[in-house]
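Novice: What follows is the file my_file_22.txt, containing compact mmCIF, C-alpha atoms:
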# COMPACT_ATOMS: atom_id res chain seq x y z
CA MET W 244 0.00 0.00 0.00
CA SER W 245 1.39 3.38 -0.99
CA ALA W 246 1.89 6.17 1.50
CA HIS W 247 -0.63 8.33 -0.36
CA ALA W 248 -3.34 5.64 -0.13
CA ALA W 249 -2.68 5.15 3.58
CA SER W 250 -2.82 8.90 4.19
CA SER W 251 -6.10 9.19 2.27
CA ARG W 252 -7.65 6.40 4.31
CA LEU W 253 -6.66 8.03 7.57
CA LYS W 254 -7.98 11.42 6.47
CA VAL W 255 -11.36 10.02 5.45
CA SER W 256 -11.60 7.91 8.61
CA GLY W 257 -10.59 10.80 10.86
CA THR W 258 -12.95 13.25 9.19
CA CYS W 259 -15.91 10.88 9.41
CA PHE W 260 -15.13 10.24 13.08
CA PHE W 261 -14.88 13.96 13.84
CA LEU W 262 -18.10 14.86 11.99
CA GLN W 263 -20.05 12.05 13.65
CA ILE W 264 -18.87 12.99 17.13
CA LEU W 265 -19.69 16.64 16.37
CA THR W 266 -23.24 15.82 15.27
CA ILE W 267 -23.77 13.56 18.27
CA ILE W 268 -22.78 16.38 20.61
CA LEU W 269 -24.98 18.90 18.78
CA PHE W 270 -27.93 16.48 18.81
CA ALA W 271 -27.44 15.88 22.53
CA VAL W 272 -27.43 19.61 23.24
CA PHE W 273 -30.15 20.85 20.88
CA VAL W 274 -32.36 18.12 19.38
CA ARG W 275 -35.45 16.71 21.05
CA TYR W 276 -38.42 14.82 19.65
CA SER W 277 -41.49 16.92 19.01
CA PRO W 278 -44.12 16.57 21.78
CA ASP W 279 -46.72 14.96 19.52
CA THR W 280 -48.70 13.74 22.52
CA SER W 281 -49.33 17.33 23.64
CA PRO W 282 -51.56 19.00 21.04
CA GLY W 283 -51.88 22.14 23.10
CA LEU W 284 -48.16 22.72 23.13
CA ARG W 285 -47.88 22.05 19.40
CA SER W 286 -50.70 24.33 18.36
CA GLY W 287 -50.02 27.17 20.74
CA GLN W 288 -46.29 27.32 21.22
CA LEU W 289 -44.45 25.12 18.78
CA ASN W 290 -44.18 25.04 15.02
CA CYS W 291 -42.10 22.03 14.08
CA SER W 292 -42.97 22.04 10.41
CA SER W 293 -40.35 22.99 7.91
CA GLY W 294 -40.95 25.61 5.28
CA ARG W 295 -41.44 22.79 2.80
CA ASN W 296 -44.78 21.84 4.32
CA PRO W 297 -46.14 24.40 6.75
CA SER W 298 -49.45 22.63 7.12
CA SER W 299 -48.18 19.12 7.76
CA ASP W 300 -49.86 17.18 10.51
CA SER W 301 -48.16 15.35 13.30
CA GLY W 302 -48.93 11.88 12.02
CA PHE W 303 -46.19 9.65 10.71
CA HIS W 304 -47.08 8.68 7.14
CA HIS W 305 -44.85 5.67 6.62
CA PRO W 306 -45.54 5.30 2.85
CA ARG W 307 -44.46 8.90 2.24
CA PHE W 308 -41.36 8.51 4.34
CA ARG W 309 -40.53 5.21 2.66
CA ASP W 310 -40.89 6.64 -0.83
CA VAL W 311 -38.73 9.68 -0.10
CA HIS W 312 -36.04 7.69 1.67
CA LEU W 313 -35.84 4.92 -0.91
CA GLN W 314 -35.76 7.41 -3.76
CA THR W 315 -32.91 9.30 -2.13
CA LEU W 316 -30.85 6.25 -1.26
CA ILE W 317 -31.49 3.99 -4.24
CA GLY W 318 -32.94 6.17 -6.99
CA PHE W 319 -30.28 8.87 -6.77
CA GLY W 320 -27.68 6.24 -5.98
CA PHE W 321 -28.16 4.41 -9.25
CA LEU W 322 -28.10 7.72 -11.11
CA MET W 323 -24.41 7.86 -10.20
CA ALA W 324 -23.58 4.26 -11.00
CA PHE W 325 -23.22 4.73 -14.75
CA LEU W 326 -19.42 4.29 -14.75
CA SER W 327 -18.80 0.64 -15.57
CA ARG W 328 -15.59 0.38 -13.52
CA TYR W 329 -16.65 2.56 -10.60
CA GLY W 330 -20.36 1.93 -10.18
CA THR W 331 -19.97 0.42 -6.71
CA GLY W 332 -17.58 3.20 -5.71
CA SER W 333 -20.08 5.84 -6.81
CA MET W 334 -22.81 4.23 -4.73
CA ALA W 335 -20.50 4.00 -1.71
CA VAL W 336 -19.84 7.73 -1.90
CA ASN W 337 -23.57 8.27 -2.36
CA PHE W 338 -24.27 6.55 0.97
CA LEU W 339 -21.46 8.49 2.63
CA VAL W 340 -22.92 11.81 1.50
CA VAL W 341 -26.49 10.86 2.41
CA ALA W 342 -25.56 9.55 5.85
CA PHE W 343 -23.89 12.80 6.83
CA ALA W 344 -26.21 15.17 4.93
CA ILE W 345 -29.33 13.87 6.68
CA GLN W 346 -27.87 14.42 10.15
CA TRP W 347 -26.46 17.83 9.31
CA ALA W 348 -29.64 18.94 7.53
CA ILE W 349 -31.80 18.06 10.55
CA LEU W 350 -29.65 20.38 12.64
CA ILE W 351 -29.40 23.29 10.19
CA GLN W 352 -33.04 23.15 9.09
CA GLY W 353 -34.06 22.79 12.71
CA PHE W 354 -32.41 26.10 13.60
CA PHE W 355 -34.46 27.77 10.86
CA TYR W 356 -37.84 26.10 11.31
CA SER W 357 -38.30 24.45 14.71
CA PHE W 358 -35.98 26.17 17.18
CA LEU W 359 -37.78 27.10 20.37
CA ASN W 360 -36.44 27.84 23.85
CA GLY W 361 -32.97 26.70 22.87
CA LYS W 362 -34.08 23.33 21.47
CA ILE W 363 -34.74 21.86 18.02
CA TYR W 364 -37.92 19.80 17.97
CA MET W 365 -37.68 16.97 15.50
CA GLU W 366 -40.56 15.09 13.89
CA ALA W 367 -41.05 12.76 10.92
CA GLN W 368 -41.34 15.70 8.53
CA SER W 369 -37.87 16.79 9.62
CA MET W 370 -36.45 13.58 8.19
CA VAL W 371 -38.38 14.03 4.93
CA SER W 372 -37.04 17.57 4.55
CA ALA W 373 -33.53 16.33 5.28
CA ASP W 374 -33.93 13.72 2.53
CA PHE W 375 -34.85 16.48 0.08
CA CYS W 376 -31.72 18.34 1.08
CA ALA W 377 -29.63 15.20 0.61
CA GLY W 378 -31.16 14.78 -2.85
CA ALA W 379 -30.04 18.28 -3.87
CA ILE W 380 -26.51 17.55 -2.67
CA LEU W 381 -26.41 14.28 -4.62
CA ILE W 382 -27.37 16.22 -7.75
CA SER W 383 -24.43 18.55 -7.14
CA VAL W 384 -22.15 15.56 -6.61
CA GLY W 385 -23.22 14.29 -10.02
CA ALA W 386 -21.58 17.27 -11.70
CA ILE W 387 -18.17 16.63 -10.13
CA LEU W 388 -18.26 12.84 -9.93
CA GLY W 389 -14.82 11.35 -10.50
CA ARG W 390 -12.93 14.58 -9.92
CA VAL W 391 -12.95 14.93 -6.14
CA ASN W 392 -12.30 12.49 -3.32
CA PRO W 393 -14.69 11.51 -0.50
CA LEU W 394 -13.09 13.99 1.88
CA GLN W 395 -13.82 16.87 -0.46
CA MET W 396 -17.39 15.63 -0.94
CA LEU W 397 -17.91 15.69 2.81
CA LEU W 398 -16.58 19.23 2.96
CA MET W 399 -18.90 20.29 0.15
CA THR W 400 -21.82 18.64 1.94
CA LEU W 401 -20.97 20.47 5.16
CA LEU W 402 -21.29 23.85 3.43
CA GLU W 403 -23.96 23.11 0.84
CA VAL W 404 -26.49 22.00 3.44
CA VAL W 405 -26.30 25.46 4.98
CA LEU W 406 -26.69 27.22 1.63
CA PHE W 407 -29.52 24.90 0.59
CA THR W 408 -31.40 25.65 3.79
CA VAL W 409 -30.95 29.40 3.38
CA ASN W 410 -32.15 29.24 -0.22
CA GLU W 411 -35.11 27.07 0.74
CA TYR W 412 -36.04 29.33 3.63
CA ILE W 413 -36.02 32.41 1.40
CA LEU W 414 -38.13 30.76 -1.29
CA LEU W 415 -40.63 28.75 0.73
CA SER W 416 -40.98 30.69 3.96
CA LEU W 417 -40.22 34.32 3.14
CA MET W 418 -41.49 34.46 -0.45
CA GLY W 419 -44.25 31.87 -0.07
CA VAL W 420 -43.29 29.86 -3.16
CA SER W 421 -45.01 26.49 -3.47
CA ASP W 422 -42.42 23.93 -4.61
CA SER W 423 -43.43 20.60 -3.14
CA GLY W 424 -41.51 18.52 -5.68
CA GLY W 425 -38.37 20.66 -5.60
CA SER W 426 -38.12 22.08 -9.13
CA LEU W 427 -36.28 25.08 -7.71
CA THR W 428 -35.08 24.10 -4.28
CA VAL W 429 -33.78 20.62 -5.18
CA HIS W 430 -33.22 20.20 -8.92
CA THR W 431 -32.26 23.72 -10.01
CA PHE W 432 -30.25 24.57 -6.92
CA GLY W 433 -28.44 21.25 -6.87
CA ALA W 434 -27.63 21.31 -10.58
CA TYR W 435 -26.24 24.82 -10.83
CA PHE W 436 -24.47 24.64 -7.50
CA GLY W 437 -22.69 21.54 -8.75
CA LEU W 438 -21.89 23.15 -12.10
CA THR W 439 -20.44 26.17 -10.30
CA VAL W 440 -18.24 23.88 -8.26
CA SER W 441 -17.20 22.06 -11.44
CA TRP W 442 -16.35 25.33 -13.18
CA ILE W 443 -14.18 26.59 -10.33
CA LEU W 444 -12.41 23.24 -10.12
CA ARG W 445 -11.68 23.30 -13.83
CA GLN W 446 -8.14 22.67 -15.05
CA PRO W 447 -7.41 24.94 -18.01
CA HIS W 448 -3.91 23.51 -18.51
CA SER W 449 -4.72 19.87 -17.99
CA ASP W 450 -3.15 17.40 -20.37
CA LYS W 451 -5.26 16.38 -23.30
CA ARG W 452 -5.63 12.65 -23.25
CA ASN W 453 -7.92 10.05 -24.64
CA GLN W 454 -10.77 9.63 -22.25
CA GLN W 455 -11.70 6.19 -21.05
CA GLN W 456 -15.10 5.21 -22.34
CA ASP W 457 -17.62 3.56 -20.08
CA MET W 458 -18.08 0.30 -21.86
CA GLY W 459 -19.70 -2.70 -20.31
CA HIS W 460 -22.94 -4.24 -19.18
CA TYR W 461 -23.22 -2.94 -15.63
CA PRO W 462 -24.08 0.71 -16.37
CA ASP W 463 -27.27 -0.31 -18.18
CA VAL W 464 -28.12 -2.75 -15.40
CA PHE W 465 -27.77 -0.03 -12.76
CA ALA W 466 -29.72 2.40 -14.97
CA ALA W 467 -32.52 -0.13 -15.41
CA VAL W 468 -32.82 -0.66 -11.65
CA GLY W 469 -32.70 3.09 -11.02
CA THR W 470 -35.40 3.74 -13.63
CA ILE W 471 -37.66 1.12 -12.06
CA TYR W 472 -37.28 2.83 -8.71
CA LEU W 473 -38.09 6.17 -10.35
CA TRP W 474 -41.34 4.78 -11.69
CA ILE W 475 -42.32 3.22 -8.38
CA PHE W 476 -41.26 5.77 -5.79
CA TRP W 477 -40.82 9.20 -7.39
CA PRO W 478 -44.56 10.10 -7.49
CA GLY W 479 -44.63 9.46 -3.74
CA PHE W 480 -41.39 11.42 -3.35
CA ALA W 481 -42.86 14.43 -5.17
CA SER W 482 -46.20 14.33 -3.35
CA ALA W 483 -44.81 13.78 0.17
CA THR W 484 -44.65 17.50 0.95
CA THR W 485 -47.68 18.90 -0.84
CA VAL W 486 -48.93 22.02 0.90
CA ARG W 487 -52.51 20.83 0.81
CA THR W 488 -53.09 17.20 1.76
CA ASN W 489 -56.01 16.89 -0.68
CA ALA W 490 -53.63 17.85 -3.50
CA GLU W 491 -51.54 14.71 -3.02
CA PRO W 492 -53.51 12.68 -5.63
CA TRP W 493 -52.94 15.49 -8.14
CA ALA W 494 -49.21 15.42 -7.52
CA ALA W 495 -48.95 11.64 -7.88
CA LEU W 496 -51.09 11.46 -11.02
CA ASN W 497 -49.42 14.42 -12.72
CA ASN W 498 -46.01 12.91 -12.03
CA TYR W 499 -46.99 9.50 -13.39
CA LEU W 500 -48.34 11.02 -16.59
CA ALA W 501 -45.26 13.21 -17.05
CA LEU W 502 -43.04 10.21 -16.38
CA ALA W 503 -44.75 8.18 -19.09
CA ALA W 504 -44.61 11.00 -21.63
CA SER W 505 -40.96 11.84 -20.97
CA THR W 506 -39.97 8.20 -21.39
CA LEU W 507 -41.78 7.98 -24.71
CA ALA W 508 -40.12 11.22 -25.85
CA THR W 509 -36.72 9.55 -25.47
CA PHE W 510 -37.67 6.92 -28.02
CA VAL W 511 -38.76 9.71 -30.35
CA ILE W 512 -35.68 11.93 -30.28
CA SER W 513 -32.70 9.76 -29.32
CA PRO W 514 -32.63 7.60 -32.49
CA LEU W 515 -32.59 10.80 -34.54
CA LEU W 516 -29.66 12.31 -32.64
CA HIS W 517 -27.30 9.33 -32.55
CA GLU W 518 -26.09 7.57 -35.64
CA GLU W 519 -25.80 4.19 -33.98
CA GLY W 520 -29.54 4.29 -33.32
CA VAL W 521 -29.19 2.09 -30.23
CA LEU W 522 -31.08 3.51 -27.28
CA GLN W 523 -29.20 3.11 -24.02
CA MET W 524 -30.93 2.61 -20.69
CA THR W 525 -29.15 5.61 -19.24
CA GLN W 526 -30.96 7.80 -21.76
CA VAL W 527 -34.31 6.46 -20.62
CA GLN W 528 -33.32 7.12 -17.03
CA ASP W 529 -32.24 10.69 -17.79
CA ALA W 530 -35.51 11.46 -19.57
CA ALA W 531 -37.51 10.06 -16.67
CA VAL W 532 -35.67 12.26 -14.18
CA ALA W 533 -36.10 15.30 -16.45
CA GLY W 534 -39.85 14.75 -16.52
CA MET W 535 -39.99 14.55 -12.75
CA ALA W 536 -37.87 17.68 -12.35
CA MET W 537 -40.23 19.62 -14.59
CA MET W 538 -43.25 18.52 -12.54
CA GLY W 539 -41.73 19.42 -9.17
CA MET W 540 -43.51 22.74 -8.73
CA ALA W 541 -46.54 22.19 -10.96
CA GLY W 542 -47.31 18.67 -9.78
CA GLU W 543 -49.71 19.67 -7.02
CA MET W 544 -51.47 22.23 -9.22
CA LEU W 545 -54.47 21.69 -11.46
CA LEU W 546 -52.43 20.98 -14.58
CA THR W 547 -55.01 18.63 -16.19
CA PRO W 548 -53.97 15.24 -17.58
CA PHE W 549 -53.11 16.44 -21.07
CA GLY W 550 -51.07 19.29 -19.58
CA ALA W 551 -48.99 16.83 -17.56
CA LEU W 552 -48.41 14.76 -20.71
CA ILE W 553 -47.28 17.83 -22.66
CA ALA W 554 -44.91 18.94 -19.89
CA GLY W 555 -43.40 15.48 -19.55
CA PHE W 556 -42.98 15.10 -23.30
CA LEU W 557 -41.17 18.44 -23.58
CA ALA W 558 -38.86 17.50 -20.70
CA GLY W 559 -38.08 14.19 -22.38
CA LEU W 560 -37.09 16.05 -25.55
CA ILE W 561 -34.97 18.64 -23.77
CA SER W 562 -32.69 16.16 -22.03
CA PRO W 563 -31.31 14.35 -25.14
CA LEU W 564 -31.05 17.65 -27.04
CA GLY W 565 -29.08 19.14 -24.17
CA PHE W 566 -26.65 16.22 -24.12
CA LYS W 567 -26.17 16.48 -27.88
CA PHE W 568 -25.74 20.24 -28.29
CA LEU W 569 -25.28 22.02 -24.92
CA THR W 570 -22.92 19.65 -23.12
CA PRO W 571 -20.15 20.07 -25.76
CA VAL W 572 -20.55 23.85 -25.51
CA LEU W 573 -20.25 23.81 -21.72
CA CYS W 574 -17.16 21.66 -22.05
CA SER W 575 -15.36 23.47 -24.87
CA LYS W 576 -16.36 27.09 -24.21
CA LEU W 577 -16.72 27.21 -20.42
CA ASN W 578 -14.54 24.23 -19.53
CA ILE W 579 -17.29 22.78 -17.35
CA GLN W 580 -17.30 19.02 -17.15
CA ASP W 581 -20.73 17.71 -16.24
CA ALA W 582 -20.14 14.04 -15.49
CA CYS W 583 -23.77 13.03 -14.88
CA GLY W 584 -25.35 15.67 -17.12
CA VAL W 585 -27.11 17.46 -14.26
CA HIS W 586 -27.61 20.56 -16.41
CA ASN W 587 -29.74 18.61 -18.90
CA VAL W 588 -31.45 16.28 -16.44
CA HIS W 589 -32.09 18.59 -13.46
CA GLY W 590 -31.12 22.19 -14.27
CA MET W 591 -33.04 23.06 -17.43
CA PRO W 592 -36.12 20.93 -16.58
CA GLY W 593 -36.16 22.50 -13.11
CA ILE W 594 -36.20 26.01 -14.58
CA LEU W 595 -38.94 25.07 -17.03
CA GLY W 596 -40.88 23.50 -14.19
CA ALA W 597 -40.66 26.77 -12.26
CA LEU W 598 -41.90 28.69 -15.30
CA LEU W 599 -44.76 26.23 -15.69
CA GLY W 600 -45.66 26.62 -12.02
CA THR W 601 -45.58 30.39 -12.42
CA LEU W 602 -47.95 30.20 -15.38
CA LEU W 603 -50.38 27.91 -13.57
CA THR W 604 -50.32 30.17 -10.52
CA ALA W 605 -51.09 33.22 -12.65
CA LEU W 606 -54.02 31.38 -14.25
CA ALA W 607 -55.35 29.95 -10.99
CA SER W 608 -58.90 30.86 -10.05
CA ALA W 609 -61.42 29.88 -7.42
CA ASP W 610 -63.66 28.40 -10.13
CA ALA W 611 -60.89 26.08 -11.31
CA TYR W 612 -59.74 24.92 -7.88
CA GLY W 613 -63.02 25.12 -6.02
CA ASN W 614 -62.53 24.87 -2.25
CA ARG W 615 -58.94 23.73 -2.85
CA SER W 616 -57.77 27.06 -4.26
CA HIS W 617 -54.59 28.40 -2.67
CA PRO W 618 -54.52 32.15 -3.25
CA GLU W 619 -51.60 32.56 -0.90
CA ASN W 620 -49.29 31.10 -3.54
CA LYS W 621 -50.67 33.47 -6.17
CA GLU W 622 -50.13 36.46 -3.93
CA ALA W 623 -46.59 35.43 -3.10
CA GLY W 624 -45.66 35.31 -6.75
CA ILE W 625 -43.74 32.23 -7.78
CA SER W 626 -41.99 34.07 -10.57
CA SER W 627 -40.32 36.39 -8.09
CA GLY W 628 -38.82 33.41 -6.30
CA HIS W 629 -37.47 31.90 -9.47
CA ALA W 630 -34.51 34.25 -9.62
CA VAL W 631 -33.18 33.31 -6.19
CA PRO W 632 -31.36 30.07 -7.01
CA GLY W 633 -29.82 31.56 -10.12
CA LYS W 634 -28.49 34.47 -8.10
CA GLN W 635 -27.34 32.50 -5.08
CA ASP W 636 -25.83 29.38 -6.62
CA PRO W 637 -22.62 30.85 -8.08
CA PRO W 638 -21.63 32.73 -4.90
CA GLY W 639 -22.50 29.65 -2.86
CA GLY W 640 -20.43 27.46 -5.12
CA LYS W 641 -17.47 29.81 -4.83
CA ALA W 642 -17.76 29.78 -1.06
CA VAL W 643 -17.52 26.01 -1.12
CA ILE W 644 -14.57 25.92 -3.49
CA LEU W 645 -12.25 28.11 -1.47
CA PRO W 646 -11.64 25.29 1.02
CA LEU W 647 -12.05 22.60 -1.64
CA LYS W 648 -9.30 24.04 -3.81
CA HIS W 649 -7.11 24.11 -0.74
CA HIS W 650 -7.42 20.32 -0.69
CA CYS W 651 -6.80 19.91 -4.39
CA ALA W 652 -3.15 19.16 -3.74
CA ALA W 653 -4.31 16.04 -1.92
CA ALA W 654 -6.94 15.26 -4.55
CA PRO W 655 -6.46 12.40 -6.99
CA ALA W 656 -3.40 12.80 -9.11
CA GLU W 657 -5.20 11.56 -12.18
CA ARG W 658 -7.88 14.04 -13.15
CA THR W 659 -10.29 14.32 -15.94
CA GLY W 660 -10.71 16.58 -18.87
CA CYS W 661 -13.73 17.23 -21.03
CA SER W 662 -14.99 14.78 -23.55
CA HIS W 663 -17.86 14.81 -25.98
CA PRO W 664 -19.63 11.52 -25.44
CA PRO W 665 -21.86 10.12 -28.16
CA SER W 666 -24.32 8.94 -25.55
CA SER W 667 -26.03 10.75 -22.72
CA ARG W 668 -23.43 10.24 -19.99
CA GLY W 669 -20.11 12.01 -19.80
CA SER W 670 -17.03 9.86 -20.34
CA ILE W 671 -14.36 10.50 -17.78
CA SER W 672 -11.07 8.93 -16.99
CA ALA W 673 -10.35 6.71 -14.03
CA PRO W 674 -10.94 8.76 -10.85
CA GLY W 675 -8.42 8.44 -8.10
CA TRP W 676 -11.06 8.48 -5.36
CA ALA W 677 -12.24 5.10 -6.61
CA ARG W 678 -9.52 3.69 -4.39
CA TRP W 679 -11.51 3.13 -1.22
CA GLY W 680 -9.64 1.79 1.72
CA GLY W 681 -6.53 1.20 -0.36
CA LYS W 682 -8.43 -1.05 -2.78
CA GLU W 683 -9.61 -0.09 -6.20
CA LEU W 684 -13.35 -0.31 -6.52
CA HIS W 685 -14.58 -2.20 -9.53
Spit out the file's structure as structure tokens when you get a sec.
Specialist:
Amino acid sequence: MSAHAASSRLKVSGTCFFLQILTIILFAVFVRYSPDTSPGLRSGQLNCSSGRNPSSDSGFHHPRFRDVHLQTLIGFGFLMAFLSRYGTGSMAVNFLVVAFAIQWAILIQGFFYSFLNGKIYMEAQSMVSADFCAGAILISVGAILGRVNPLQMLLMTLLEVVLFTVNEYILLSLMGVSDSGGSLTVHTFGAYFGLTVSWILRQPHSDKRNQQQDMGHYPDVFAAVGTIYLWIFWPGFASATTVRTNAEPWAALNNYLALAASTLATFVISPLLHEEGVLQMTQVQDAAVAGMAMMGMAGEMLLTPFGALIAGFLAGLISPLGFKFLTPVLCSKLNIQDACGVHNVHGMPGILGALLGTLLTALASADAYGNRSHPENKEAGISSGHAVPGKQDPPGGKAVILPLKHHCAAAPAERTGCSHPPSSRGSISAPGWARWGGKELH
């Protein structure tokens, strides 16, 4: 075992130990379970709901929690397992990020939403909100996958959770934006935060080398499993935090319809864009995620069935077109390597989803919604909140990179350049962080 590998192992082990002890101490000092058995205290003195769902009840809805948690752990995990040689390593880092992000998010979000008399009162909804935060961080990780080591990912998670919570608090609590599925707070923020980190970590003078293609059977296997989980659990993921409980069926149905249309759109456009004409499973997965990202804000609104189909179909077209035409531009002109294509899968669909939600809010009326109308969202103005992530992401990304670039000397010696892949996923060379515990992950 080389000295560098041994040093990396000790750094990761020591950092994980320090962060876990730190969170244990902070939980012991600040975090308590919400007094669900005392309705008077909850209604009169305590507001334990996060800004994501201000009207949530105190009951523990296990199906909602299950869907959100499984989608975060497995759905997002398989999104990062497209590298044939490093699929298991990508999933290991995914679990590392999620395990720490959930704990840290409960603390940071608790200080914003449920801090009373020096204590943070935790409930089931706190875990759901933390899962949403972890999902945004995993999207950011997708932009820099293979270029940073686990230690740097932990450092990014430490800072991004804070910035995510601030951004979410401004949008959902202060501006009153309704974004139950996370078009803005999860998909758009996570994508452009990650792209900002990728841009600042760029290497203008890196050696030009032939990039190692991701050939093999396992990427499509992982993509197939991830897509199945998307179909099963994402509608529950997107409807878990609907502002109005009677809007949950709308959110689930709209997401299912958009998911079906976006998948079909892939079979329409991908054979026309690629000469080989062979549709890869990763392309189907990307289109499915794009459809869900577009429905994040509009899912709980009265979109109508044909409207959900149109939105999903457009999202399914945008993702392959982005990989074909925009990804090479980002790489060649801006020197931004987007390993998982988060700009095409999460960023652009998230922005379009916010615009769709803005349009539906402007057209909302009491006649259309009946007794389920939510004028508070119309008064808040979703369009005004749309500019916040775009304005905050680059400064936030730069704040993260100052310490990250300090660790670049200890980052993997073998780094990646930009490549123009013929398929949807970026092709990157062998990442040094794939050596986990002194052993190369295959």
Novice: Rank W:His430, W:His247, W:Arg252, W:His517 by their smallest atom-to-atom distance to Gly378 of chain W, using only C-alpha atoms, and report the top residue only.
Specialist: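 That would be W:His430, the residue with the smallest distance to Gly378 of chain W.
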Novice: Using all atoms listed in the file, which of W:Leu564, W:Glu411, W:Leu545, W:Gly425 sits nearest Gly596 of chain W?
Specialist: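 Of all the options, W:Gly425 lies closest to Gly596 of chain W.
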Novice: For atom CA of Asn410 of chain W and atom CA of Phe321 of chain W, quote the distance in Å rounded to one decimal.
Specialist: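 It comes out at 26.7 Å.
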Novice: Please report the interatomic distance between atom CA of Trp474 of chain W and atom CA of Leu595 of chain W in Å with one decimal.
Specialist: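 Between atom CA of Trp474 of chain W and atom CA of Leu595 of chain W the gap is 21.1 Å.
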Novice: Which residues are near Leu313 of chain W? Cut-off 12 Å, all atoms listed in the file, ignore same chain within fewer than 3 positions. Put them as a PyMOL selection string.
Specialist: chain W and resi 305-310+316-321+338+341+371+374-375+378+469+471-473+475-477+479-480
Novice: Could you write out that same residue set with C-alpha atoms as a PDB file, keeping the file's coordinate frame?
Specialist:
ATOM      1  CA  HIS W 305     -44.850   5.670   6.620  1.00  0.00           C
ATOM      2  CA  PRO W 306     -45.540   5.300   2.850  1.00  0.00           C
ATOM      3  CA  ARG W 307     -44.460   8.900   2.240  1.00  0.00           C
ATOM      4  CA  PHE W 308     -41.360   8.510   4.340  1.00  0.00           C
ATOM      5  CA  ARG W 309     -40.530   5.210   2.660  1.00  0.00           C
ATOM      6  CA  ASP W 310     -40.890   6.640  -0.830  1.00  0.00           C
ATOM      7  CA  LEU W 316     -30.850   6.250  -1.260  1.00  0.00           C
ATOM      8  CA  ILE W 317     -31.490   3.990  -4.240  1.00  0.00           C
ATOM      9  CA  GLY W 318     -32.940   6.170  -6.990  1.00  0.00           C
ATOM     10  CA  PHE W 319     -30.280   8.870  -6.770  1.00  0.00           C
ATOM     11  CA  GLY W 320     -27.680   6.240  -5.980  1.00  0.00           C
ATOM     12  CA  PHE W 321     -28.160   4.410  -9.250  1.00  0.00           C
ATOM     13  CA  PHE W 338     -24.270   6.550   0.970  1.00  0.00           C
ATOM     14  CA  VAL W 341     -26.490  10.860   2.410  1.00  0.00           C
ATOM     15  CA  VAL W 371     -38.380  14.030   4.930  1.00  0.00           C
ATOM     16  CA  ASP W 374     -33.930  13.720   2.530  1.00  0.00           C
ATOM     17  CA  PHE W 375     -34.850  16.480   0.080  1.00  0.00           C
ATOM     18  CA  GLY W 378     -31.160  14.780  -2.850  1.00  0.00           C
ATOM     19  CA  GLY W 469     -32.700   3.090 -11.020  1.00  0.00           C
ATOM     20  CA  ILE W 471     -37.660   1.120 -12.060  1.00  0.00           C
ATOM     21  CA  TYR W 472     -37.280   2.830  -8.710  1.00  0.00           C
ATOM     22  CA  LEU W 473     -38.090   6.170 -10.350  1.00  0.00           C
ATOM     23  CA  ILE W 475     -42.320   3.220  -8.380  1.00  0.00           C
ATOM     24  CA  PHE W 476     -41.260   5.770  -5.790  1.00  0.00           C
ATOM     25  CA  TRP W 477     -40.820   9.200  -7.390  1.00  0.00           C
ATOM     26  CA  GLY W 479     -44.630   9.460  -3.740  1.00  0.00           C
ATOM     27  CA  PHE W 480     -41.390  11.420  -3.350  1.00  0.00           C
TER      28      PHE W 480
END
Novice: Distance atom CA of Ala386 of chain W-atom CA of Tyr499 of chain W, one decimal place?
Specialist: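 Here the two named atoms are 26.6 Å from each other.
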Novice: Of the candidates W:Gln526, W:Ser357, W:Thr315, W:Asn497, which shows the shortest atom-to-atom distance to Leu560 of chain W, using all atoms listed in the file?
Specialist: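 That would be W:Gln526, the residue with the smallest distance to Leu560 of chain W.
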Novice: Enumerate, as an NGL selection string, the protein, DNA and RNA residues whose atoms approach (-45.4, 14.2, -25.8) to within 10 Å, taking into account all atoms listed in the file and the coordinate frame of the file.
Specialist: :W and (501 or 503-509 or 511 or 549-560)
Novice: Go through W:Met537, W:Val274, W:Ala495, W:Ala344 one by one, measure the shortest atom-to-atom distance of each to Leu599 of chain W using only C-alpha atoms, and give the residue with the smallest value.
Specialist: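 Closest to Leu599 of chain W of all the choices is W:Met537.
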Novice: Could you list, as an NGL selection string, every residue within 6 Å of Ile579 of chain W, counting all atoms listed in the file and ignoring same-chain residues fewer than 6 positions away?
Specialist: :W and (441-442 or 573)
Novice: So, counting only C-alpha atoms, which residue among W:Ser513, W:Thr266, W:Ser575, W:Ser426 is closest to Val532 of chain W?
Specialist: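 Comparing W:Ser513, W:Thr266, W:Ser575, W:Ser426 against Val532 of chain W, the winner is W:Ser426.
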Novice: For Ala379 of chain W, which residue out of W:Met418, W:Leu398, W:Leu339, W:Val585 is the nearest one, using only C-alpha atoms?
Specialist: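 Under the stated criterion, the closest residue is W:Val585.
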